[in-house]
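Next up, final.cif (mmCIF, C-alpha atoms):
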```
data_model
#
loop_
_atom_site.group_PDB
_atom_site.id
_atom_site.type_symbol
_atom_site.label_atom_id
_atom_site.label_comp_id
_atom_site.auth_asym_id
_atom_site.auth_seq_id
_atom_site.Cartn_x
_atom_site.Cartn_y
_atom_site.Cartn_z
ATOM 1 C CA MET A 1 -29.980 -9.036 -9.746
ATOM 2 C CA ALA A 2 -26.491 -8.153 -8.448
ATOM 3 C CA LYS A 3 -26.404 -6.859 -4.920
ATOM 4 C CA GLU A 4 -25.380 -3.187 -4.787
ATOM 5 C CA ILE A 5 -22.330 -2.580 -2.641
ATOM 6 C CA ASN A 6 -22.082 0.747 -0.821
ATOM 7 C CA THR A 7 -19.648 -0.014 2.001
ATOM 8 C CA ILE A 8 -16.640 -2.344 1.786
ATOM 9 C CA GLY A 9 -14.763 -3.796 4.727
ATOM 10 C CA VAL A 10 -11.174 -5.047 4.557
ATOM 11 C CA LEU A 11 -9.250 -7.275 6.976
ATOM 12 C CA THR A 12 -6.020 -9.248 7.136
ATOM 13 C CA SER A 13 -6.132 -12.684 8.700
ATOM 14 C CA GLY A 14 -3.689 -15.445 9.649
ATOM 15 C CA GLY A 15 0.057 -14.901 9.353
ATOM 16 C CA ASP A 16 1.247 -11.475 8.242
ATOM 17 C CA ALA A 17 3.015 -11.126 4.891
ATOM 18 C CA PRO A 18 4.972 -8.299 3.215
ATOM 19 C CA GLY A 19 2.712 -6.648 0.659
ATOM 20 C CA MET A 20 -0.450 -6.816 2.743
ATOM 21 C CA ASN A 21 -0.253 -3.052 3.264
ATOM 22 C CA ALA A 22 -0.006 -2.525 -0.493
ATOM 23 C CA ALA A 23 -3.191 -4.575 -0.889
ATOM 24 C CA ILE A 24 -4.976 -2.634 1.871
ATOM 25 C CA ARG A 25 -3.922 0.661 0.281
ATOM 26 C CA ALA A 26 -5.217 -0.478 -3.107
ATOM 27 C CA VAL A 27 -8.549 -1.593 -1.648
ATOM 28 C CA VAL A 28 -9.055 1.722 0.153
ATOM 29 C CA ARG A 29 -8.194 3.925 -2.793
ATOM 30 C CA GLU A 30 -9.962 1.860 -5.459
ATOM 31 C CA ALA A 31 -13.101 1.812 -3.308
ATOM 32 C CA ILE A 32 -12.996 5.583 -2.891
ATOM 33 C CA VAL A 33 -12.544 6.098 -6.631
ATOM 34 C CA LYS A 34 -15.565 3.831 -7.193
ATOM 35 C CA GLY A 35 -17.630 5.994 -4.824
ATOM 36 C CA LYS A 36 -17.777 3.437 -2.022
ATOM 37 C CA LYS A 37 -17.265 3.826 1.693
ATOM 38 C CA ILE A 38 -14.444 1.772 3.149
ATOM 39 C CA LYS A 39 -14.002 0.387 6.653
ATOM 40 C CA GLY A 40 -10.907 -1.238 8.087
ATOM 41 C CA ILE A 41 -11.373 -4.202 10.408
ATOM 42 C CA LYS A 42 -8.509 -4.619 12.868
ATOM 43 C CA ARG A 43 -7.037 -7.962 13.995
ATOM 44 C CA GLY A 44 -8.791 -10.096 11.402
ATOM 45 C CA TYR A 45 -11.881 -12.102 12.313
ATOM 46 C CA ALA A 46 -11.101 -11.622 16.004
ATOM 47 C CA GLY A 47 -11.380 -7.861 15.528
ATOM 48 C CA LEU A 48 -14.575 -8.276 13.516
ATOM 49 C CA LEU A 49 -16.205 -10.131 16.405
ATOM 50 C CA GLN A 50 -14.993 -7.427 18.807
ATOM 51 C CA GLU A 51 -16.265 -4.703 16.443
ATOM 52 C CA GLU A 52 -12.818 -3.142 16.022
ATOM 53 C CA ILE A 53 -13.997 -1.368 12.892
ATOM 54 C CA ILE A 54 -12.772 2.017 11.667
ATOM 55 C CA ASP A 55 -13.660 4.334 8.817
ATOM 56 C CA MET A 56 -10.804 4.738 6.347
ATOM 57 C CA GLN A 57 -9.893 7.595 4.024
ATOM 58 C CA ALA A 58 -7.242 7.864 1.330
ATOM 59 C CA LYS A 59 -4.841 9.604 3.719
ATOM 60 C CA ASP A 60 -5.048 6.685 6.167
ATOM 61 C CA VAL A 61 -3.015 4.545 3.791
ATOM 62 C CA SER A 62 -0.479 7.201 2.832
ATOM 63 C CA ASP A 63 3.148 6.135 3.328
ATOM 64 C CA THR A 64 2.213 2.478 3.870
ATOM 65 C CA ILE A 65 2.993 0.714 0.594
ATOM 66 C CA GLN A 66 6.661 0.253 1.534
ATOM 67 C CA LYS A 67 5.970 -1.104 5.022
ATOM 68 C CA GLY A 68 6.045 -4.765 5.984
ATOM 69 C CA GLY A 69 3.451 -6.427 8.189
ATOM 70 C CA THR A 70 -0.133 -5.173 8.193
ATOM 71 C CA ILE A 71 -1.379 -1.813 9.469
ATOM 72 C CA LEU A 72 -4.708 -3.480 10.292
ATOM 73 C CA GLN A 73 -2.912 -6.136 12.355
ATOM 74 C CA THR A 74 -3.883 -9.778 12.347
ATOM 75 C CA ALA A 75 -4.828 -12.566 14.741
ATOM 76 C CA ARG A 76 -6.057 -16.137 14.855
ATOM 77 C CA CYS A 77 -9.684 -16.587 15.900
ATOM 78 C CA MET A 78 -11.063 -19.959 16.983
ATOM 79 C CA GLU A 79 -14.489 -18.471 17.686
ATOM 80 C CA PHE A 80 -14.939 -17.660 14.011
ATOM 81 C CA THR A 81 -14.572 -21.348 13.103
ATOM 82 C CA THR A 82 -17.936 -22.011 14.805
ATOM 83 C CA PRO A 83 -21.356 -21.417 13.206
ATOM 84 C CA GLU A 84 -22.226 -19.091 16.097
ATOM 85 C CA GLY A 85 -19.088 -17.017 15.530
ATOM 86 C CA GLN A 86 -19.726 -16.829 11.804
ATOM 87 C CA GLN A 87 -23.330 -15.698 12.286
ATOM 88 C CA LYS A 88 -22.162 -13.094 14.794
ATOM 89 C CA GLY A 89 -19.620 -11.830 12.252
ATOM 90 C CA ALA A 90 -22.264 -11.495 9.524
ATOM 91 C CA ASP A 91 -24.597 -9.691 11.936
ATOM 92 C CA ILE A 92 -21.832 -7.266 12.910
ATOM 93 C CA CYS A 93 -21.140 -6.551 9.228
ATOM 94 C CA ARG A 94 -24.799 -5.633 8.748
ATOM 95 C CA LYS A 95 -24.811 -3.564 11.942
ATOM 96 C CA HIS A 96 -21.945 -1.461 10.551
ATOM 97 C CA GLY A 97 -23.449 -1.275 7.068
ATOM 98 C CA ILE A 98 -20.749 -3.450 5.468
ATOM 99 C CA ASP A 99 -22.201 -4.957 2.286
ATOM 100 C CA GLY A 100 -19.005 -6.588 1.051
ATOM 101 C CA ILE A 101 -15.772 -7.653 2.684
ATOM 102 C CA ILE A 102 -12.267 -8.300 1.337
ATOM 103 C CA VAL A 103 -10.260 -10.894 3.263
ATOM 104 C CA ILE A 104 -6.478 -10.985 2.804
ATOM 105 C CA GLY A 105 -4.999 -14.250 4.048
ATOM 106 C CA GLY A 106 -4.553 -17.957 3.373
ATOM 107 C CA ASP A 107 -6.779 -21.003 3.001
ATOM 108 C CA GLY A 108 -8.050 -20.783 6.576
ATOM 109 C CA SER A 109 -9.024 -17.164 6.028
ATOM 110 C CA PHE A 110 -10.829 -18.126 2.822
ATOM 111 C CA ARG A 111 -12.909 -20.675 4.708
ATOM 112 C CA GLY A 112 -14.091 -17.852 6.937
ATOM 113 C CA ALA A 113 -14.852 -15.736 3.874
ATOM 114 C CA GLN A 114 -16.790 -18.658 2.406
ATOM 115 C CA LYS A 115 -18.991 -18.778 5.510
ATOM 116 C CA LEU A 116 -19.654 -15.023 5.431
ATOM 117 C CA ALA A 117 -20.640 -15.285 1.761
ATOM 118 C CA ALA A 118 -23.107 -18.053 2.617
ATOM 119 C CA LEU A 119 -24.614 -15.733 5.234
ATOM 120 C CA GLY A 120 -25.240 -12.978 2.684
ATOM 121 C CA ILE A 121 -22.113 -10.810 2.978
ATOM 122 C CA ASN A 122 -20.481 -10.452 -0.429
ATOM 123 C CA THR A 123 -16.910 -11.635 0.056
ATOM 124 C CA ILE A 124 -13.667 -11.669 -1.961
ATOM 125 C CA GLY A 125 -10.425 -13.325 -0.833
ATOM 126 C CA LEU A 126 -6.874 -12.220 -1.635
ATOM 127 C CA PRO A 127 -4.033 -14.767 -1.283
ATOM 128 C CA GLY A 128 -1.779 -13.354 1.429
ATOM 129 C CA THR A 129 0.829 -15.833 2.668
ATOM 130 C CA ILE A 130 4.602 -16.192 2.402
ATOM 131 C CA ASP A 131 4.187 -19.961 1.973
ATOM 132 C CA LEU A 132 2.942 -19.935 -1.672
ATOM 133 C CA ASP A 133 0.701 -22.860 -0.707
ATOM 134 C CA ILE A 134 -2.640 -21.669 -2.135
ATOM 135 C CA ALA A 135 -3.457 -24.036 -4.976
ATOM 136 C CA CYS A 136 -5.452 -21.724 -7.248
ATOM 137 C CA THR A 137 -2.668 -19.181 -7.723
ATOM 138 C CA GLU A 138 0.945 -19.133 -8.884
ATOM 139 C CA TYR A 139 1.624 -16.058 -6.719
ATOM 140 C CA THR A 140 0.760 -15.212 -3.131
ATOM 141 C CA ILE A 141 1.295 -11.840 -1.468
ATOM 142 C CA GLY A 142 4.528 -11.908 0.533
ATOM 143 C CA PHE A 143 6.268 -14.912 -1.002
ATOM 144 C CA ASP A 144 8.622 -12.887 -3.187
ATOM 145 C CA THR A 145 9.821 -10.745 -0.276
ATOM 146 C CA ALA A 146 10.147 -13.700 2.093
ATOM 147 C CA VAL A 147 12.115 -15.832 -0.336
ATOM 148 C CA ASN A 148 14.476 -12.933 -1.114
ATOM 149 C CA THR A 149 14.959 -12.282 2.611
ATOM 150 C CA ALA A 150 15.808 -15.952 3.145
ATOM 151 C CA MET A 151 18.093 -16.037 0.109
ATOM 152 C CA GLU A 152 20.113 -13.056 1.336
ATOM 153 C CA ALA A 153 20.409 -14.566 4.821
ATOM 154 C CA ILE A 154 21.603 -17.893 3.426
ATOM 155 C CA ASP A 155 24.248 -16.084 1.348
ATOM 156 C CA LYS A 156 25.579 -14.620 4.584
ATOM 157 C CA VAL A 157 25.610 -17.977 6.351
ATOM 158 C CA ARG A 158 27.455 -19.476 3.386
ATOM 159 C CA ASP A 159 30.242 -16.912 3.827
ATOM 160 C CA THR A 160 30.985 -18.038 7.371
ATOM 161 C CA SER A 161 30.353 -21.696 6.526
ATOM 162 C CA THR A 162 32.997 -21.423 3.809
ATOM 163 C CA SER A 163 35.465 -19.734 6.161
ATOM 164 C CA HIS A 164 35.152 -22.517 8.741
ATOM 165 C CA GLU A 165 34.732 -25.409 6.278
ATOM 166 C CA ARG A 166 31.416 -26.263 7.895
ATOM 167 C CA CYS A 167 28.169 -27.888 6.941
ATOM 168 C CA SER A 168 25.279 -25.487 7.572
ATOM 169 C CA ILE A 169 21.692 -26.659 7.905
ATOM 170 C CA ILE A 170 19.490 -23.627 7.329
ATOM 171 C CA GLU A 171 15.818 -23.909 8.194
ATOM 172 C CA VAL A 172 13.360 -21.710 6.310
ATOM 173 C CA MET A 173 9.648 -21.107 6.853
ATOM 174 C CA GLY A 174 6.722 -22.441 4.841
ATOM 175 C CA ARG A 175 4.668 -24.525 7.292
ATOM 176 C CA GLY A 176 3.906 -27.793 5.448
ATOM 177 C CA ALA A 177 4.958 -26.452 2.046
ATOM 178 C CA GLY A 178 8.452 -26.512 0.590
ATOM 179 C CA TYR A 179 8.335 -23.614 -1.882
ATOM 180 C CA ILE A 180 10.613 -21.260 0.067
ATOM 181 C CA ALA A 181 13.067 -24.114 0.647
ATOM 182 C CA LEU A 182 13.059 -25.150 -3.013
ATOM 183 C CA TRP A 183 13.532 -21.633 -4.343
ATOM 184 C CA CYS A 184 16.295 -20.860 -1.845
ATOM 185 C CA GLY A 185 17.950 -24.194 -2.477
ATOM 186 C CA ILE A 186 18.228 -23.385 -6.170
ATOM 187 C CA ALA A 187 19.054 -19.693 -5.684
ATOM 188 C CA ASN A 188 21.696 -20.345 -3.015
ATOM 189 C CA GLY A 189 23.298 -23.350 -4.648
ATOM 190 C CA ALA A 190 22.496 -25.722 -1.771
ATOM 191 C CA GLU A 191 24.019 -29.192 -1.781
ATOM 192 C CA ASP A 192 20.754 -30.673 -0.466
ATOM 193 C CA ILE A 193 17.180 -29.398 -0.150
ATOM 194 C CA LEU A 194 14.772 -31.064 2.263
ATOM 195 C CA LEU A 195 11.118 -30.595 1.314
ATOM 196 C CA PRO A 196 8.067 -31.955 3.169
ATOM 197 C CA GLU A 197 6.657 -33.068 -0.181
ATOM 198 C CA LYS A 198 9.770 -35.057 -1.152
ATOM 199 C CA TYR A 199 11.974 -35.918 1.834
ATOM 200 C CA ASP A 200 12.164 -39.626 2.719
ATOM 201 C CA TYR A 201 13.885 -39.004 6.109
ATOM 202 C CA ASP A 202 16.901 -41.072 5.048
ATOM 203 C CA GLU A 203 19.695 -39.063 6.699
ATOM 204 C CA GLN A 204 22.265 -41.571 5.513
ATOM 205 C CA LYS A 205 21.851 -40.135 1.999
ATOM 206 C CA LEU A 206 22.829 -36.713 3.345
ATOM 207 C CA VAL A 207 25.794 -38.202 5.172
ATOM 208 C CA ASN A 208 26.943 -40.094 2.071
ATOM 209 C CA HIS A 209 26.604 -36.996 -0.079
ATOM 210 C CA ILE A 210 28.806 -34.976 2.284
ATOM 211 C CA ILE A 211 31.431 -37.717 2.549
ATOM 212 C CA GLU A 212 31.560 -38.213 -1.234
ATOM 213 C CA SER A 213 31.795 -34.462 -1.810
ATOM 214 C CA ARG A 214 34.655 -34.201 0.703
ATOM 215 C CA LYS A 215 36.532 -36.842 -1.250
ATOM 216 C CA ARG A 216 36.154 -34.672 -4.356
ATOM 217 C CA GLY A 217 37.654 -31.748 -2.459
ATOM 218 C CA LYS A 218 34.547 -29.843 -1.400
ATOM 219 C CA LYS A 219 35.108 -28.067 1.926
ATOM 220 C CA HIS A 220 31.702 -26.647 2.900
ATOM 221 C CA PHE A 221 28.052 -27.626 2.499
ATOM 222 C CA ILE A 222 24.658 -25.950 2.612
ATOM 223 C CA ILE A 223 21.520 -27.935 3.409
ATOM 224 C CA VAL A 224 18.263 -25.974 3.143
ATOM 225 C CA ASN A 225 15.669 -27.540 5.427
ATOM 226 C CA ALA A 226 11.956 -26.721 5.272
ATOM 227 C CA GLU A 227 10.022 -25.811 8.413
ATOM 228 C CA GLY A 228 7.652 -28.714 7.730
ATOM 229 C CA ILE A 229 10.540 -31.101 8.430
ATOM 230 C CA GLY A 230 12.258 -29.093 11.160
ATOM 231 C CA HIS A 231 14.503 -30.570 13.876
ATOM 232 C CA SER A 232 17.514 -28.846 12.315
ATOM 233 C CA ALA A 233 19.559 -28.675 15.533
ATOM 234 C CA SER A 234 19.329 -32.397 16.295
ATOM 235 C CA MET A 235 19.921 -33.199 12.629
ATOM 236 C CA ALA A 236 23.109 -31.108 12.710
ATOM 237 C CA LYS A 237 24.435 -33.086 15.686
ATOM 238 C CA ARG A 238 23.794 -36.400 13.987
ATOM 239 C CA ILE A 239 25.396 -35.332 10.719
ATOM 240 C CA GLU A 240 28.490 -33.983 12.496
ATOM 241 C CA ALA A 241 28.851 -37.245 14.408
ATOM 242 C CA ALA A 242 28.504 -39.312 11.226
ATOM 243 C CA THR A 243 30.767 -37.238 8.950
ATOM 244 C CA GLY A 244 33.268 -35.563 11.251
ATOM 245 C CA VAL A 245 32.407 -32.273 9.545
ATOM 246 C CA GLU A 246 31.558 -29.412 11.915
ATOM 247 C CA THR A 247 27.836 -28.833 11.394
ATOM 248 C CA ARG A 248 25.706 -25.924 12.574
ATOM 249 C CA ALA A 249 21.974 -25.271 12.378
ATOM 250 C CA THR A 250 20.535 -21.839 11.642
ATOM 251 C CA ILE A 251 16.786 -21.263 11.927
ATOM 252 C CA LEU A 252 15.865 -18.086 10.055
ATOM 253 C CA GLY A 253 12.430 -17.867 11.675
ATOM 254 C CA HIS A 254 10.102 -14.882 11.601
ATOM 255 C CA MET A 255 12.596 -12.499 10.023
ATOM 256 C CA GLN A 256 11.207 -13.950 6.777
ATOM 257 C CA ARG A 257 7.800 -12.415 7.490
ATOM 258 C CA GLY A 258 9.086 -8.891 7.978
ATOM 259 C CA GLY A 259 10.770 -6.204 5.942
ATOM 260 C CA SER A 260 9.841 -3.839 3.169
ATOM 261 C CA PRO A 261 8.071 -5.683 0.324
ATOM 262 C CA THR A 262 9.770 -6.159 -3.024
ATOM 263 C CA CYS A 263 8.561 -4.351 -6.135
ATOM 264 C CA LYS A 264 6.744 -7.512 -7.244
ATOM 265 C CA ASP A 265 4.881 -7.835 -3.947
ATOM 266 C CA ARG A 266 3.905 -4.165 -4.052
ATOM 267 C CA VAL A 267 2.671 -4.220 -7.655
ATOM 268 C CA TYR A 268 0.938 -7.614 -7.584
ATOM 269 C CA ALA A 269 -0.698 -6.957 -4.206
ATOM 270 C CA SER A 270 -1.910 -3.562 -5.436
ATOM 271 C CA THR A 271 -3.371 -5.105 -8.584
ATOM 272 C CA MET A 272 -5.110 -7.831 -6.616
ATOM 273 C CA GLY A 273 -6.516 -5.327 -4.131
ATOM 274 C CA ALA A 274 -8.000 -3.194 -6.896
ATOM 275 C CA LEU A 275 -9.438 -6.242 -8.659
ATOM 276 C CA ALA A 276 -11.118 -7.378 -5.438
ATOM 277 C CA VAL A 277 -12.938 -4.035 -5.178
ATOM 278 C CA ASP A 278 -13.933 -4.195 -8.838
ATOM 279 C CA LEU A 279 -15.383 -7.688 -8.346
ATOM 280 C CA LEU A 280 -17.458 -6.521 -5.382
ATOM 281 C CA CYS A 281 -18.718 -3.556 -7.382
ATOM 282 C CA GLU A 282 -19.831 -6.026 -10.074
ATOM 283 C CA GLY A 283 -21.902 -7.848 -7.462
ATOM 284 C CA LYS A 284 -19.541 -10.845 -7.255
ATOM 285 C CA THR A 285 -19.210 -12.857 -4.058
ATOM 286 C CA ASN A 286 -17.493 -16.000 -2.744
ATOM 287 C CA ARG A 287 -14.517 -15.398 -5.048
ATOM 288 C CA VAL A 288 -10.769 -15.504 -4.541
ATOM 289 C CA VAL A 289 -8.316 -13.530 -6.664
ATOM 290 C CA GLY A 290 -5.352 -15.381 -8.128
ATOM 291 C CA TYR A 291 -2.558 -15.097 -10.656
ATOM 292 C CA ARG A 292 -2.194 -17.748 -13.351
ATOM 293 C CA HIS A 293 -0.448 -17.892 -16.723
ATOM 294 C CA GLY A 294 0.402 -14.193 -16.638
ATOM 295 C CA ASP A 295 -3.085 -12.932 -15.797
ATOM 296 C CA PHE A 296 -4.917 -11.837 -12.662
ATOM 297 C CA VAL A 297 -8.022 -14.004 -12.416
ATOM 298 C CA ASP A 298 -10.691 -15.021 -9.923
ATOM 299 C CA PHE A 299 -12.138 -18.343 -8.817
ATOM 300 C CA ASP A 300 -15.098 -19.512 -6.811
ATOM 301 C CA ILE A 301 -13.792 -20.016 -3.251
ATOM 302 C CA ASP A 302 -15.344 -23.489 -3.091
ATOM 303 C CA GLU A 303 -13.450 -24.456 -6.243
ATOM 304 C CA ALA A 304 -10.238 -22.823 -5.031
ATOM 305 C CA LEU A 305 -10.292 -24.681 -1.709
ATOM 306 C CA SER A 306 -10.797 -28.014 -3.486
ATOM 307 C CA MET A 307 -7.687 -27.579 -5.655
ATOM 308 C CA THR A 308 -4.362 -29.217 -4.849
ATOM 309 C CA LYS A 309 -0.858 -27.951 -5.532
ATOM 310 C CA GLU A 310 2.387 -29.833 -5.970
ATOM 311 C CA ILE A 311 6.047 -28.923 -6.037
ATOM 312 C CA SER A 312 7.423 -28.616 -9.586
ATOM 313 C CA GLU A 313 8.964 -31.990 -10.345
ATOM 314 C CA TYR A 314 11.260 -30.412 -12.924
ATOM 315 C CA GLN A 315 12.576 -27.740 -10.545
ATOM 316 C CA TYR A 316 13.134 -30.359 -7.850
ATOM 317 C CA GLN A 317 15.034 -32.593 -10.265
ATOM 318 C CA ILE A 318 17.299 -29.850 -11.576
ATOM 319 C CA SER A 319 18.033 -28.743 -8.001
ATOM 320 C CA LYS A 320 19.463 -32.220 -7.462
ATOM 321 C CA ASN A 321 21.354 -32.107 -10.762
ATOM 322 C CA PHE A 322 22.972 -28.811 -9.772
ATOM 323 C CA SER A 323 24.299 -30.234 -6.508
ATOM 324 C CA ILE A 324 26.768 -32.662 -8.089
#
```
structure tokens encoding of this file:
Amino acid sequence: MAKEINTIGVLTSGGDAPGMNAAIRAVVREAIVKGKKIKGIKRGYAGLLQEEIIDMQAKDVSDTIQKGGTILQTARCMEFTTPEGQQKGADICRKHGIDGIIVIGGDGSFRGAQKLAALGINTIGLPGTIDLDIACTEYTIGFDTAVNTAMEAIDKVRDTSTSHERCSIIEVMGRGAGYIALWCGIANGAEDILLPEKYDYDEQKLVNHIIESRKRGKKHFIIVNAEGIGHSASMAKRIEAATGVETRATILGHMQRGGSPTCKDRVYASTMGALAVDLLCEGKTNRVVGYRHGDFVDFDIDEALSMTKEISEYQYQISKNFSI
């Protein structure tokens, strides 16, 4: 028999992402419409263990859908990776009457949710990360905003790179995944895109490409470098020495995490937040919400964590074709 859910908790964990507030807002308001109590847990699993738990009403999420970051704040929590920390978290949920919990974050956050589910707390995960590196879903909350932020910044760097006839190496975020770099490389017309999944660390190819392009009359160059490769500043020095072309590195950094979320991040995050509440109300647990083939779906967390995800070979190939 499905466990009846009366009180739902919601937290954001791991790195912040634009659209998390839209998801929180959706969870709060969908829960209220369904006749459930809703509690916000501040600072992720760290806040859960410190019992930073607040009652939430519809008005508490007013004027938040357009804001970046997370109103519940977020933090890393090593204690929650231990069995003792996980048991403490489940006990605290019961102490505060939380029957089900919605966790907005990445794979690491889902592993925590998986442990809570095993300890009897009904749990649903929402994919919140700018990196787009969660295998079970084609969309993650925050990616669309982050990639647009990076794209606009790279456009600006290109303007000055063109004026000075420079080579610009622009480093974007993504941890070990190259999705932001690939999308920006295509969107910004980069001459080269360096992805952790594809790069062979042969800088001579980059040097040769610049030299050959100069011979054809090209005056400026954009190289989009993924965070998982990094070392953009030292790479710029080596390329300048090898080509004679003035080369500068720009690391976009955490600006990609901030800013008002795009329409897509607001709408998709809101839909996912509502679906998470609906799943809990149906008695579901140990699930993660995703988006695949045009539909919002859910997977068993165990299954989701076992999936793998690869860069689109076709998109990578055409990005190279476009750089001729």
Contacts of Val103 of chain A within 12 Å, only C-alpha atoms, excl. fewer than 6 positions in-chain, as a PDB file with C-alpha atoms, in the coordinates of the input:
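Listed below is the output, around-v2.pdb:
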```pdb
ATOM      1  CA  ILE A   8     -16.640  -2.344   1.786  1.00  0.00           C
ATOM      2  CA  GLY A   9     -14.763  -3.796   4.727  1.00  0.00           C
ATOM      3  CA  VAL A  10     -11.174  -5.047   4.557  1.00  0.00           C
ATOM      4  CA  LEU A  11      -9.250  -7.275   6.976  1.00  0.00           C
ATOM      5  CA  THR A  12      -6.020  -9.248   7.136  1.00  0.00           C
ATOM      6  CA  SER A  13      -6.132 -12.684   8.700  1.00  0.00           C
ATOM      7  CA  GLY A  14      -3.689 -15.445   9.649  1.00  0.00           C
ATOM      8  CA  MET A  20      -0.450  -6.816   2.743  1.00  0.00           C
ATOM      9  CA  ALA A  23      -3.191  -4.575  -0.889  1.00  0.00           C
ATOM     10  CA  ILE A  24      -4.976  -2.634   1.871  1.00  0.00           C
ATOM     11  CA  VAL A  27      -8.549  -1.593  -1.648  1.00  0.00           C
ATOM     12  CA  GLY A  40     -10.907  -1.238   8.087  1.00  0.00           C
ATOM     13  CA  ILE A  41     -11.373  -4.202  10.408  1.00  0.00           C
ATOM     14  CA  LYS A  42      -8.509  -4.619  12.868  1.00  0.00           C
ATOM     15  CA  ARG A  43      -7.037  -7.962  13.995  1.00  0.00           C
ATOM     16  CA  GLY A  44      -8.791 -10.096  11.402  1.00  0.00           C
ATOM     17  CA  TYR A  45     -11.881 -12.102  12.313  1.00  0.00           C
ATOM     18  CA  LEU A  48     -14.575  -8.276  13.516  1.00  0.00           C
ATOM     19  CA  LEU A  72      -4.708  -3.480  10.292  1.00  0.00           C
ATOM     20  CA  THR A  74      -3.883  -9.778  12.347  1.00  0.00           C
ATOM     21  CA  SER A 109      -9.024 -17.164   6.028  1.00  0.00           C
ATOM     22  CA  PHE A 110     -10.829 -18.126   2.822  1.00  0.00           C
ATOM     23  CA  ARG A 111     -12.909 -20.675   4.708  1.00  0.00           C
ATOM     24  CA  GLY A 112     -14.091 -17.852   6.937  1.00  0.00           C
ATOM     25  CA  ALA A 113     -14.852 -15.736   3.874  1.00  0.00           C
ATOM     26  CA  GLN A 114     -16.790 -18.658   2.406  1.00  0.00           C
ATOM     27  CA  LYS A 115     -18.991 -18.778   5.510  1.00  0.00           C
ATOM     28  CA  LEU A 116     -19.654 -15.023   5.431  1.00  0.00           C
ATOM     29  CA  ALA A 117     -20.640 -15.285   1.761  1.00  0.00           C
ATOM     30  CA  ILE A 121     -22.113 -10.810   2.978  1.00  0.00           C
ATOM     31  CA  ASN A 122     -20.481 -10.452  -0.429  1.00  0.00           C
ATOM     32  CA  THR A 123     -16.910 -11.635   0.056  1.00  0.00           C
ATOM     33  CA  ILE A 124     -13.667 -11.669  -1.961  1.00  0.00           C
ATOM     34  CA  GLY A 125     -10.425 -13.325  -0.833  1.00  0.00           C
ATOM     35  CA  LEU A 126      -6.874 -12.220  -1.635  1.00  0.00           C
ATOM     36  CA  PRO A 127      -4.033 -14.767  -1.283  1.00  0.00           C
ATOM     37  CA  GLY A 128      -1.779 -13.354   1.429  1.00  0.00           C
ATOM     38  CA  MET A 272      -5.110  -7.831  -6.616  1.00  0.00           C
ATOM     39  CA  GLY A 273      -6.516  -5.327  -4.131  1.00  0.00           C
ATOM     40  CA  ALA A 276     -11.118  -7.378  -5.438  1.00  0.00           C
ATOM     41  CA  VAL A 277     -12.938  -4.035  -5.178  1.00  0.00           C
ATOM     42  CA  THR A 285     -19.210 -12.857  -4.058  1.00  0.00           C
ATOM     43  CA  ASN A 286     -17.493 -16.000  -2.744  1.00  0.00           C
ATOM     44  CA  ARG A 287     -14.517 -15.398  -5.048  1.00  0.00           C
ATOM     45  CA  VAL A 288     -10.769 -15.504  -4.541  1.00  0.00           C
ATOM     46  CA  VAL A 289      -8.316 -13.530  -6.664  1.00  0.00           C
ATOM     47  CA  ILE A 301     -13.792 -20.016  -3.251  1.00  0.00           C
TER      48      ILE A 301
END
```
Checklist line | Nearby residues, (-20.8, -2.9, -5.2) file frame, 10 Å, only C-alpha atoms, as a ChimeraX atom specification | finding: /A:2-8,31,34-36,99-100,122,277-284
Sphere at (21.7, -18.2, 3.0), radius 12 Å, counting all atoms listed in the file: residues as a ChimeraX atom specification:
/A:147-162,168-172,180-181,183-190,221-225,249-252,256
Write the selection just made, keeping C-alpha atoms, as a tab-separated table (two decimals), keeping the file's coordinate frame?
```tsv
chain	number	residue	atom	x	y	z
A	147	VAL	CA	12.12	-15.83	-0.34
A	148	ASN	CA	14.48	-12.93	-1.11
A	149	THR	CA	14.96	-12.28	2.61
A	150	ALA	CA	15.81	-15.95	3.14
A	151	MET	CA	18.09	-16.04	0.11
A	152	GLU	CA	20.11	-13.06	1.34
A	153	ALA	CA	20.41	-14.57	4.82
A	154	ILE	CA	21.60	-17.89	3.43
A	155	ASP	CA	24.25	-16.08	1.35
A	156	LYS	CA	25.58	-14.62	4.58
A	157	VAL	CA	25.61	-17.98	6.35
A	158	ARG	CA	27.46	-19.48	3.39
A	159	ASP	CA	30.24	-16.91	3.83
A	160	THR	CA	30.98	-18.04	7.37
A	161	SER	CA	30.35	-21.70	6.53
A	162	THR	CA	33.00	-21.42	3.81
A	168	SER	CA	25.28	-25.49	7.57
A	169	ILE	CA	21.69	-26.66	7.90
A	170	ILE	CA	19.49	-23.63	7.33
A	171	GLU	CA	15.82	-23.91	8.19
A	172	VAL	CA	13.36	-21.71	6.31
A	180	ILE	CA	10.61	-21.26	0.07
A	181	ALA	CA	13.07	-24.11	0.65
A	183	TRP	CA	13.53	-21.63	-4.34
A	184	CYS	CA	16.30	-20.86	-1.84
A	185	GLY	CA	17.95	-24.19	-2.48
A	186	ILE	CA	18.23	-23.38	-6.17
A	187	ALA	CA	19.05	-19.69	-5.68
A	188	ASN	CA	21.70	-20.34	-3.02
A	189	GLY	CA	23.30	-23.35	-4.65
A	190	ALA	CA	22.50	-25.72	-1.77
A	221	PHE	CA	28.05	-27.63	2.50
A	222	ILE	CA	24.66	-25.95	2.61
A	223	ILE	CA	21.52	-27.94	3.41
A	224	VAL	CA	18.26	-25.97	3.14
A	225	ASN	CA	15.67	-27.54	5.43
A	249	ALA	CA	21.97	-25.27	12.38
A	250	THR	CA	20.54	-21.84	11.64
A	251	ILE	CA	16.79	-21.26	11.93
A	252	LEU	CA	15.86	-18.09	10.06
A	256	GLN	CA	11.21	-13.95	6.78
```
